[in-house]
Structure formats: structure tokens, C-alpha cells
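> So I've got this file, data-v9.cif, and it contains mmCIF, C-alpha atoms:
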data_input
loop_
_atom_site.label_atom_id
_atom_site.label_comp_id
_atom_site.auth_asym_id
_atom_site.auth_seq_id
_atom_site.Cartn_x
_atom_site.Cartn_y
_atom_site.Cartn_z
CA MET W 8 33.12 -9.45 5.71
CA THR W 9 35.93 -10.39 8.10
CA TRP W 10 37.08 -8.20 10.97
CA LYS W 11 40.37 -7.63 9.20
CA LYS W 12 38.58 -6.28 6.12
CA VAL W 13 36.33 -4.05 8.26
CA ILE W 14 39.33 -2.51 10.04
CA ILE W 15 41.29 -1.97 6.80
CA PHE W 16 38.17 -0.53 5.15
CA ALA W 17 37.72 1.87 8.08
CA LEU W 18 41.35 3.02 8.01
CA ILE W 19 41.32 3.62 4.24
CA THR W 20 38.05 5.57 4.23
CA GLY W 21 39.09 7.63 7.26
CA VAL W 22 42.48 8.59 5.85
CA TYR W 23 41.05 9.32 2.39
CA THR W 24 38.26 11.51 3.82
CA GLY W 25 40.70 13.46 5.98
CA LEU W 26 43.09 14.03 3.08
CA ILE W 27 40.39 15.05 0.57
CA ASN W 28 39.06 17.56 3.08
CA LEU W 29 42.43 19.33 3.09
CA VAL W 30 42.43 20.20 -0.63
CA PRO W 31 41.13 23.80 -0.94
CA PHE W 32 40.24 23.71 -4.64
CA LEU W 33 37.91 20.76 -4.02
CA TYR W 34 35.70 22.74 -1.64
CA GLU W 35 32.07 22.84 -2.78
CA THR W 36 32.65 20.00 -5.24
CA SER W 37 31.44 16.40 -5.38
CA PHE W 38 34.92 15.11 -4.51
CA ARG W 39 34.74 16.60 -1.01
CA ASP W 40 31.13 15.68 -0.25
CA ILE W 41 32.21 12.47 1.50
CA ALA W 42 33.65 14.72 4.22
CA VAL W 43 30.48 16.79 4.52
CA ASN W 44 27.41 14.56 4.34
CA ILE W 45 26.24 10.98 4.80
CA GLU W 46 25.51 9.53 1.34
CA TRP W 47 28.78 7.58 1.14
CA TRP W 48 28.63 6.48 4.79
CA VAL W 49 25.12 5.08 4.32
CA LEU W 50 26.49 2.95 1.47
CA PHE W 51 29.40 1.75 3.61
CA GLY W 52 26.96 0.70 6.34
CA VAL W 53 24.76 -1.19 3.88
CA ILE W 54 27.77 -2.98 2.39
CA ILE W 55 28.91 -4.19 5.81
CA ALA W 56 25.40 -5.12 6.99
CA SER W 57 24.62 -7.11 3.87
CA ASN W 58 27.86 -9.09 4.23
CA CYS W 59 27.35 -10.19 7.85
CA LYS W 60 25.64 -13.41 8.87
CA LYS W 61 23.99 -12.32 12.13
CA PRO W 62 22.50 -9.06 13.49
CA LEU W 63 24.96 -8.78 16.40
CA GLU W 64 27.90 -9.26 14.05
CA SER W 65 26.48 -6.59 11.76
CA GLY W 66 25.94 -4.11 14.58
CA LEU W 67 29.40 -4.62 16.06
CA LYS W 68 31.23 -4.41 12.73
CA ILE W 69 29.43 -1.24 11.61
CA PHE W 70 30.03 0.28 15.06
CA VAL W 71 33.75 -0.53 14.91
CA PHE W 72 33.95 0.73 11.33
CA PHE W 73 32.65 4.16 12.40
CA LEU W 74 34.60 4.07 15.67
CA ILE W 75 37.82 3.81 13.65
CA SER W 76 37.06 5.74 10.45
CA GLN W 77 35.61 8.94 11.89
CA PRO W 78 38.34 9.70 14.46
CA MET W 79 40.88 8.84 11.75
CA VAL W 80 39.46 11.71 9.64
CA TYR W 81 40.24 14.22 12.40
CA LEU W 82 43.63 12.70 13.21
CA VAL W 83 44.65 13.26 9.59
CA GLU W 84 43.29 16.82 9.58
CA MET W 85 44.54 17.92 13.01
CA PRO W 86 48.19 18.69 12.06
CA PHE W 87 46.92 21.08 9.39
CA LEU W 88 43.69 22.48 10.89
CA GLY W 89 44.41 22.35 14.62
CA VAL W 90 42.70 20.61 17.52
CA GLY W 91 39.56 22.75 17.05
CA ILE W 92 38.36 20.41 14.31
CA TRP W 93 37.43 17.85 16.96
CA SER W 94 34.38 19.98 17.76
CA TYR W 95 32.83 18.53 14.59
CA TYR W 96 33.25 15.01 15.95
CA LYS W 97 30.33 15.50 18.36
CA TYR W 98 27.85 14.74 15.58
CA TRP W 99 29.74 11.68 14.37
CA ALA W 100 30.24 10.39 17.92
CA PHE W 101 26.45 10.41 18.32
CA VAL W 102 26.02 8.68 14.95
CA THR W 103 28.64 6.09 15.91
CA VAL W 104 26.71 5.14 19.05
CA LEU W 105 23.54 4.72 16.97
CA THR W 106 25.29 2.41 14.51
CA LEU W 107 25.36 -0.43 17.02
CA PRO W 108 21.58 -0.93 17.24
CA GLY W 109 21.17 0.47 13.73
CA GLY W 110 23.62 -2.04 12.32
CA MET W 111 21.79 -4.92 13.96
CA ILE W 112 18.53 -3.78 12.39
CA ALA W 113 20.26 -3.18 9.03
CA ASN W 114 21.22 -6.86 8.90
CA LEU W 115 17.53 -7.58 8.16
CA ILE W 116 18.29 -6.35 4.61
CA LYS W 117 19.66 -9.85 3.97
CA LYS W 118 16.18 -11.33 4.45
CA LYS W 119 15.14 -9.80 1.12
CA ASN W 120 11.47 -9.79 2.18
CA LEU W 121 9.00 -7.02 3.01
CA LEU W 122 10.67 -6.24 6.35
CA GLY W 123 14.12 -6.23 4.76
CA THR W 124 12.85 -3.91 2.02
CA LEU W 125 11.43 -1.49 4.58
CA VAL W 126 14.72 -1.47 6.48
CA LEU W 127 16.62 -0.86 3.23
CA SER W 128 14.16 1.91 2.41
CA VAL W 129 15.38 3.83 5.46
CA ALA W 130 18.85 3.93 3.89
CA LEU W 131 17.37 4.74 0.48
CA SER W 132 15.37 7.59 2.01
CA LEU W 133 18.50 9.14 3.51
CA VAL W 134 20.26 8.95 0.16
CA ALA W 135 17.19 10.36 -1.66
CA ALA W 136 17.13 13.32 0.73
CA MET W 137 20.82 13.90 0.03
CA ALA W 138 20.15 13.73 -3.73
CA GLU W 139 17.53 16.46 -3.43
CA LEU W 140 19.80 18.62 -1.26
CA TYR W 141 22.65 18.38 -3.74
CA LEU W 142 20.34 18.92 -6.70
CA GLU W 143 19.53 22.30 -5.17
CA LYS W 144 23.25 22.99 -4.88
CA VAL W 145 23.66 22.09 -8.57
CA TYR W 146 20.92 24.59 -9.41
CA VAL W 147 22.66 27.28 -7.38
CA SER W 148 26.21 26.67 -8.66
CA PHE W 149 26.20 24.35 -11.67
CA PRO W 150 28.07 22.04 -12.23
CA HIS W 151 29.24 21.75 -8.61
CA HIS W 152 27.95 18.61 -6.84
CA ILE W 153 26.38 17.12 -9.98
CA LEU W 154 28.50 13.98 -9.59
CA THR W 155 27.09 13.52 -6.08
CA VAL W 156 23.53 13.75 -7.41
CA ILE W 157 24.34 11.11 -10.02
CA PHE W 158 26.04 8.95 -7.38
CA CYS W 159 23.00 9.12 -5.07
CA ILE W 160 20.61 8.15 -7.86
CA LEU W 161 22.83 5.28 -9.00
CA GLN W 162 23.25 4.10 -5.41
CA ILE W 163 19.48 3.86 -4.99
CA ILE W 164 19.10 1.97 -8.28
CA VAL W 165 21.95 -0.47 -7.58
CA LEU W 166 20.86 -1.21 -4.00
CA ILE W 167 17.29 -1.91 -5.09
CA ALA W 168 18.47 -4.08 -8.00
CA ASN W 169 20.78 -6.17 -5.81
CA LEU W 170 19.04 -6.32 -2.44
CA VAL W 171 15.32 -6.40 -3.37
CA PRO W 172 14.46 -9.59 -5.32
CA LYS W 173 10.73 -9.26 -5.98
CA LYS W 174 9.28 -6.83 -8.50
CA LYS W 175 6.54 -5.56 -6.17
CA LEU W 176 9.07 -4.91 -3.43
CA LYS W 177 11.34 -3.11 -5.90
CA VAL W 178 8.42 -0.83 -6.81
CA LEU W 179 7.74 -0.23 -3.11
CA ALA W 180 11.36 0.66 -2.33
CA ALA W 181 11.66 2.92 -5.37
CA SER W 182 8.35 4.62 -4.53
CA ILE W 183 9.46 5.37 -0.98
CA ALA W 184 12.71 6.89 -2.22
CA ILE W 185 10.90 9.02 -4.80
CA ILE W 186 8.34 10.24 -2.26
CA VAL W 187 11.09 11.20 0.19
CA PHE W 188 12.92 13.05 -2.60
CA PHE W 189 9.89 15.20 -3.43
CA VAL W 190 8.88 15.75 0.20
CA ALA W 191 12.42 16.93 0.98
CA GLY W 192 12.21 19.27 -2.02
CA ALA W 193 8.85 20.66 -0.88
CA ILE W 194 10.21 21.28 2.62
CA ASN W 195 13.34 23.00 1.33
CA LEU W 196 11.41 25.15 -1.12
CA SER W 197 9.12 26.33 1.68
CA THR W 198 11.98 27.11 4.07
CA GLN W 199 12.55 30.82 4.61
CA ASN W 200 15.98 32.35 5.22
CA ILE W 201 16.38 35.73 6.90
CA THR W 202 18.85 38.58 6.47
CA SER W 203 18.69 42.06 7.96
CA ASN W 204 20.36 45.45 8.03
CA LEU W 205 20.21 48.66 10.01
CA LEU W 206 17.88 51.46 8.95
CA PRO W 207 18.89 55.13 9.10
CA GLU W 208 17.72 57.10 12.11
CA GLY W 209 14.02 57.81 12.06
CA GLU W 210 10.72 56.39 13.24
CA GLY W 211 7.73 54.68 11.69
CA TRP W 212 9.54 52.94 8.85
CA THR W 213 7.51 50.85 6.39
CA CYS W 214 8.97 48.73 3.58
CA TYR W 215 7.85 47.19 0.32
CA LEU W 216 9.49 45.09 -2.39
CA GLN W 217 9.56 46.09 -6.03
CA ASP W 218 9.10 42.40 -6.89
CA GLU W 219 6.63 41.21 -4.24
CA SER W 220 6.66 37.63 -5.52
CA ASN W 221 10.28 37.20 -4.43
CA GLY W 222 10.35 37.24 -0.63
CA THR W 223 8.95 39.58 2.02
CA ALA W 224 10.37 42.69 3.67
CA SER W 225 9.49 44.27 6.99
CA CYS W 226 10.75 47.04 9.28
CA ASP W 227 10.96 46.73 13.05
CA ASP W 228 12.48 49.47 15.23
CA ASN W 229 15.74 50.35 13.48
CA HIS W 230 16.12 47.17 11.37
CA ILE W 231 14.98 46.05 7.95
CA THR W 232 14.39 42.30 7.61
CA TYR W 233 14.16 40.34 4.38
CA LYS W 234 12.79 36.78 4.27
CA TYR W 235 13.50 34.65 1.21
CA ASN W 236 13.98 31.14 -0.14
CA LYS W 237 17.66 30.51 -0.84
CA ILE W 238 16.99 28.50 -3.99
CA LEU W 239 14.43 30.82 -5.59
CA VAL W 240 15.81 34.18 -4.49
CA LYS W 241 16.69 36.76 -7.14
CA SER W 242 18.01 40.30 -7.07
CA ASN W 243 15.42 42.74 -5.82
CA THR W 244 14.95 46.24 -4.43
CA ILE W 245 13.35 47.28 -1.15
CA ILE W 246 11.97 50.79 -0.67
CA CYS W 247 11.58 52.05 2.90
CA THR W 248 9.74 55.21 3.93
CA ASN W 249 9.12 56.72 7.37
CA GLU W 250 6.44 58.91 8.87
CA ASN W 251 8.55 62.02 8.18
CA GLY W 252 8.47 61.34 4.46
CA ASP W 253 12.09 60.17 4.24
CA SER W 254 12.81 57.28 1.84
CA VAL W 255 15.78 54.94 1.39
CA LYS W 256 16.48 52.13 -1.03
CA TYR W 257 18.15 48.78 -0.35
CA ASP W 258 19.33 46.49 -3.12
CA VAL W 259 18.96 42.76 -2.49
CA ILE W 260 22.30 41.39 -3.68
CA VAL W 261 22.49 37.66 -4.47
CA SER W 262 25.96 36.10 -4.71
CA ASP W 263 26.90 33.20 -6.97
CA ASP W 264 26.26 30.74 -4.13
CA HIS W 265 22.90 32.42 -3.36
CA ASN W 266 23.96 34.16 -0.16
CA VAL W 267 21.96 37.36 0.24
CA SER W 268 22.92 40.79 1.55
CA LEU W 269 21.06 44.10 1.78
CA VAL W 270 23.01 47.10 0.50
CA LEU W 271 21.87 50.66 1.24
CA GLN W 272 22.15 52.58 -2.03
CA ASP W 273 21.17 56.09 -0.99
CA ASP W 274 20.65 57.76 2.33
CA LYS W 275 17.54 59.42 0.96
CA ILE W 276 15.71 59.31 -2.35
#
Can you give me the file's structure in the form of C-alpha cells?

Amino acid sequence: MTWKKVIIFALITGVYTGLINLVPFLYETSFRDIAVNIEWWVLFGVIIASNCKKPLESGLKIFVFFLISQPMVYLVEMPFLGVGIWSYYKYWAFVTVLTLPGGMIANLIKKKNLLGTLVLSVALSLVAAMAELYLEKVYVSFPHHILTVIFCILQIIVLIANLVPKKKLKVLAASIAIIVFFVAGAINLSTQNITSNLLPEGEGWTCYLQDESNGTASCDDNHITYKYNKILVKSNTIICTNENGDSVKYDVIVSDDHNVSLVLQDDKI
């Protein structure tokens, strides 16, 4: 891949990403995911790395690609969203610095041996983790993000088919991606989110859930706290009583995108 192609590629992807991020009705859809996460950018890095002859060339070209494309995103957005959007560039600036050594290592993909397969598996693992993340989003708000899930799966299949020549190495690369997918799912399913609300005046509050299999509730001082998993959470009711015999009821309200709020239904019941 020539320098001219790298620079044009960077300009096109940067401008496109900035423009797509300005379309409100595309929010929370697969079409805007390129502006939110890394699955497309991993592919761009692999494409450049696999088309460079030497590690230094690969590192420099991937570095320049990100050095041009990411600021271009914010330059396109700035007239519409203001200079405050540059605060998001901190993450991508850090990633851009890492692409120089990372791109040199990524060039080993061209070796198409065990080491090259392991290096490629790092990219596949990132994409597999993204596939799992977006699969959860599909579950929460179907059919949003389903195209991104399909894209991630196809990307893994195509990269293995084209960059891993031997059958045993293909099995190894696919196995690593599958393991990462399920590990990421296990981690996300065990992650607890927290929401809270104020309790009425009183002391010695204790709380319990009507459906105790769906999260945990606790009272501390003048707050009620509800811990839950964002993917598995369902509507619920929390009953709180204090040492004076007063009782109140909170409904656990779950929105379409699985955000949770606690709503006090009655002062006393």
C-alpha cells in the first residue's frame, strides 16, 4: 500500500466517520458504530499491515493513517458540535501513539506462521469482544446493532480464511476468538450496575425485593441502593420498612434501552 493510498484512505475514513456521527437518526444503530468503537479501525490496521513489506513501514503507515483520520473526524464535527468534542480525542491520541509499535508487530501477520497467527489473534480477539458487546445491545434493543454483530463475525471469518494458511492454525485462531467471545460475555453478565434513590425520613430502614433472583437491594442511611445486571434486569418492586413500622414501595422501572430508575410509589403502605 503506497503512502498516497494510505493518506487518501485516512482522509476518506475520517471525513465519513465525522459526517455519519452527525446524523441524529443513526444514533444507536450499526451505521454509527464506526464512530463509537474499534471494530472497523482494527480491520483498517490489519489491511494496512498486511500490505506492507517491512515492519517499520507497517508501523509508520498505520501511525500516519490514525494521525490523519482521527483528527479529521473532529475537524468535520467541530463546526456543528463545538470545540468540546476534542475532549474525546484523548483516547484516540493514546491509541495513535500505540499504533507505531503495534503496527510494526502487526506486520508479522504476513509471515502466515504460528507467530503471525498469534499476532492476528490479538486483532481477532478485539473484534470478538466487540461482537459480544454488540450482541448484548441487540438483545436489549433489537434490531439495533445487529449489522455490526454480523460484520464482526464475518470479519473474523474472512481474516482467518485469507491470512491463516494452515488448517491447524485456522482452528487455533478461531478457537482464540471464540474463547474471548465467551469470556467477554461471562464478564459482562457478572458485572453489576448500581442505581439509588432517597428514602423518606426515618431510621433503621431495611429492604427486600419481591423477585430476589433479579438483583439486590439495600438501605444505608437515607438511601436505597439497587444492584443489577443491565442485560438481565427486569421490572421489579422493592419494599422498605423501618424500625417504626413505616413501609414504602419502590418500583424498579426498566426503559427500552435497559436503563434503570427507582420510583417511589407511595409514601407509606
> Selection in question (the file shown): the PyMOL selection byres ((chain W and resi 256-260) around 8). Which residues does it include, as a compact mmCIF listing (two decimals) with C-alpha atoms, in the coordinates of the input?

# COMPACT_ATOMS: atom_id res chain seq x y z
CA LYS W 241 16.69 36.76 -7.14
CA SER W 242 18.01 40.30 -7.07
CA ASN W 243 15.42 42.74 -5.82
CA THR W 244 14.95 46.24 -4.43
CA ILE W 245 13.35 47.28 -1.15
CA ILE W 246 11.97 50.79 -0.67
CA CYS W 247 11.58 52.05 2.90
CA SER W 254 12.81 57.28 1.84
CA VAL W 255 15.78 54.94 1.39
CA VAL W 261 22.49 37.66 -4.47
CA SER W 262 25.96 36.10 -4.71
CA VAL W 267 21.96 37.36 0.24
CA SER W 268 22.92 40.79 1.55
CA LEU W 269 21.06 44.10 1.78
CA VAL W 270 23.01 47.10 0.50
CA LEU W 271 21.87 50.66 1.24
CA GLN W 272 22.15 52.58 -2.03
CA ASP W 273 21.17 56.09 -0.99
CA ASP W 274 20.65 57.76 2.33
CA LYS W 275 17.54 59.42 0.96
CA ILE W 276 15.71 59.31 -2.35
> Taking the file above as input, evaluate the PyMOL selection byres ((chain W and resi 48-64) around 8) and report the hits as a list of chain:residue names.
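Applied to this file, the PyMOL selection byres ((chain W and resi 48-64) around 8) returns W:Met8, W:Val13, W:Ile41, W:Ile45, W:Glu46, W:Trp47, W:Ser65, W:Gly66, W:Leu67, W:Lys68, W:Ile69, W:Gly110, W:Met111, W:Ile112, W:Ala113, W:Asn114, W:Leu115, W:Ile116, W:Lys117, W:Ala130, W:Leu133, W:Val134, W:Gln162.
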> For this structure, which residues satisfy the selection - the PyMOL selection byres ((chain W and resi 21) around 10) - when it is evaluated on the file as given? I want them as a ChimeraX atom specification.
/W:15-20,22-26,42,72-73,75-83
> Measure the distance from CA of Val240 (chain W) to CA of Glu210 (chain W) in Å and round it to one decimal.
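Computed distance, CA of Val240 (chain W) to CA of Glu210 (chain W), equals 28.9 Å.
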> Between W:Phe149, W:Phe158, W:Phe87, W:Phe70, which has the minimum distance to Asn28 (chain W) (counting all atoms listed in the file)?
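Among W:Phe149, W:Phe158, W:Phe87, W:Phe70, it is W:Phe87 that comes nearest to Asn28 (chain W).
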> In Å to one decimal, how far is CA of Leu176 (chain W) from CA of Thr124 (chain W)?
6.7 Å
> Could you list, as a PyMOL selection string, every residue within 12 Å of region 142-144 of chain W, counting only C-alpha atoms and ignoring same-chain residues fewer than 4 positions away?
chain W and resi 35-37+40+135-138+148-160+188-189+191-193+195-196+236-239+263-265
> Restricted to C-alpha atoms, what would the selected residues look like written as a PDB file, keeping the file's coordinate frame?

ATOM      1  CA  GLU W  35      32.070  22.840  -2.780  1.00  0.00           C
ATOM      2  CA  THR W  36      32.650  20.000  -5.240  1.00  0.00           C
ATOM      3  CA  SER W  37      31.440  16.400  -5.380  1.00  0.00           C
ATOM      4  CA  ASP W  40      31.130  15.680  -0.250  1.00  0.00           C
ATOM      5  CA  ALA W 135      17.190  10.360  -1.660  1.00  0.00           C
ATOM      6  CA  ALA W 136      17.130  13.320   0.730  1.00  0.00           C
ATOM      7  CA  MET W 137      20.820  13.900   0.030  1.00  0.00           C
ATOM      8  CA  ALA W 138      20.150  13.730  -3.730  1.00  0.00           C
ATOM      9  CA  SER W 148      26.210  26.670  -8.660  1.00  0.00           C
ATOM     10  CA  PHE W 149      26.200  24.350 -11.670  1.00  0.00           C
ATOM     11  CA  PRO W 150      28.070  22.040 -12.230  1.00  0.00           C
ATOM     12  CA  HIS W 151      29.240  21.750  -8.610  1.00  0.00           C
ATOM     13  CA  HIS W 152      27.950  18.610  -6.840  1.00  0.00           C
ATOM     14  CA  ILE W 153      26.380  17.120  -9.980  1.00  0.00           C
ATOM     15  CA  LEU W 154      28.500  13.980  -9.590  1.00  0.00           C
ATOM     16  CA  THR W 155      27.090  13.520  -6.080  1.00  0.00           C
ATOM     17  CA  VAL W 156      23.530  13.750  -7.410  1.00  0.00           C
ATOM     18  CA  ILE W 157      24.340  11.110 -10.020  1.00  0.00           C
ATOM     19  CA  PHE W 158      26.040   8.950  -7.380  1.00  0.00           C
ATOM     20  CA  CYS W 159      23.000   9.120  -5.070  1.00  0.00           C
ATOM     21  CA  ILE W 160      20.610   8.150  -7.860  1.00  0.00           C
ATOM     22  CA  PHE W 188      12.920  13.050  -2.600  1.00  0.00           C
ATOM     23  CA  PHE W 189       9.890  15.200  -3.430  1.00  0.00           C
ATOM     24  CA  ALA W 191      12.420  16.930   0.980  1.00  0.00           C
ATOM     25  CA  GLY W 192      12.210  19.270  -2.020  1.00  0.00           C
ATOM     26  CA  ALA W 193       8.850  20.660  -0.880  1.00  0.00           C
ATOM     27  CA  ASN W 195      13.340  23.000   1.330  1.00  0.00           C
ATOM     28  CA  LEU W 196      11.410  25.150  -1.120  1.00  0.00           C
ATOM     29  CA  ASN W 236      13.980  31.140  -0.140  1.00  0.00           C
ATOM     30  CA  LYS W 237      17.660  30.510  -0.840  1.00  0.00           C
ATOM     31  CA  ILE W 238      16.990  28.500  -3.990  1.00  0.00           C
ATOM     32  CA  LEU W 239      14.430  30.820  -5.590  1.00  0.00           C
ATOM     33  CA  ASP W 263      26.900  33.200  -6.970  1.00  0.00           C
ATOM     34  CA  ASP W 264      26.260  30.740  -4.130  1.00  0.00           C
ATOM     35  CA  HIS W 265      22.900  32.420  -3.360  1.00  0.00           C
TER      36      HIS W 265
END
> Which residue is closest to Ser225 (chain W)? Choose from W:Thr248, W:Trp93, W:Pro207, W:Val71 and count only C-alpha atoms.
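So, comparing all the options, the nearest one is W:Thr248.
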> Quick check, in Å to one decimal: how far apart do CA of Ser197 (chain W) and CA of Glu139 (chain W) lie?
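CA of Glu139 (chain W) lies 13.9 Å from CA of Ser197 (chain W).
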> Restricting the calculation to all atoms listed in the file, which member of W:Leu29, W:Val126, W:Leu131, W:Ile14 is positioned closest to Ile92 (chain W)?
W:Leu29
> Some atoms are absent from region 142-157 of chain W, so rebuild N, CA and C atoms and return them as a short mmCIF file (atom, residue, chain, number, x, y, z; two decimals), in the coordinates of the input.

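So the final result, stored in rebuild-v2.cif, reads:
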data_model
loop_
_atom_site.label_atom_id
_atom_site.label_comp_id
_atom_site.auth_asym_id
_atom_site.auth_seq_id
_atom_site.Cartn_x
_atom_site.Cartn_y
_atom_site.Cartn_z
N LEU W 142 20.93 18.41 -5.47
CA LEU W 142 20.34 18.92 -6.70
C LEU W 142 20.10 20.42 -6.58
N GLU W 143 19.69 20.87 -5.40
CA GLU W 143 19.53 22.30 -5.17
C GLU W 143 20.88 23.01 -5.29
N LYS W 144 21.93 22.39 -4.77
CA LYS W 144 23.25 22.99 -4.88
C LYS W 144 23.71 23.07 -6.34
N VAL W 145 23.35 22.06 -7.13
CA VAL W 145 23.66 22.09 -8.57
C VAL W 145 22.95 23.27 -9.22
N TYR W 146 21.69 23.48 -8.85
CA TYR W 146 20.92 24.59 -9.41
C TYR W 146 21.56 25.93 -9.07
N VAL W 147 22.07 26.03 -7.84
CA VAL W 147 22.66 27.28 -7.38
C VAL W 147 24.02 27.52 -8.03
N SER W 148 24.84 26.47 -8.16
CA SER W 148 26.21 26.67 -8.66
C SER W 148 26.63 25.54 -9.59
N PHE W 149 25.88 25.37 -10.67
CA PHE W 149 26.20 24.35 -11.67
C PHE W 149 27.62 24.54 -12.19
N PRO W 150 28.42 23.47 -12.38
CA PRO W 150 28.07 22.04 -12.23
C PRO W 150 28.50 21.43 -10.90
N HIS W 151 28.79 22.27 -9.90
CA HIS W 151 29.24 21.75 -8.61
C HIS W 151 28.23 20.76 -8.04
N HIS W 152 28.72 19.65 -7.53
CA HIS W 152 27.95 18.61 -6.84
C HIS W 152 27.11 17.73 -7.78
N ILE W 153 27.20 17.93 -9.09
CA ILE W 153 26.38 17.12 -9.98
C ILE W 153 26.79 15.65 -9.92
N LEU W 154 28.06 15.37 -9.70
CA LEU W 154 28.50 13.98 -9.59
C LEU W 154 27.89 13.32 -8.36
N THR W 155 27.71 14.08 -7.29
CA THR W 155 27.09 13.52 -6.08
C THR W 155 25.63 13.19 -6.32
N VAL W 156 24.93 14.04 -7.07
CA VAL W 156 23.53 13.75 -7.41
C VAL W 156 23.45 12.46 -8.20
N ILE W 157 24.31 12.32 -9.20
CA ILE W 157 24.34 11.11 -10.02
C ILE W 157 24.67 9.89 -9.16
#
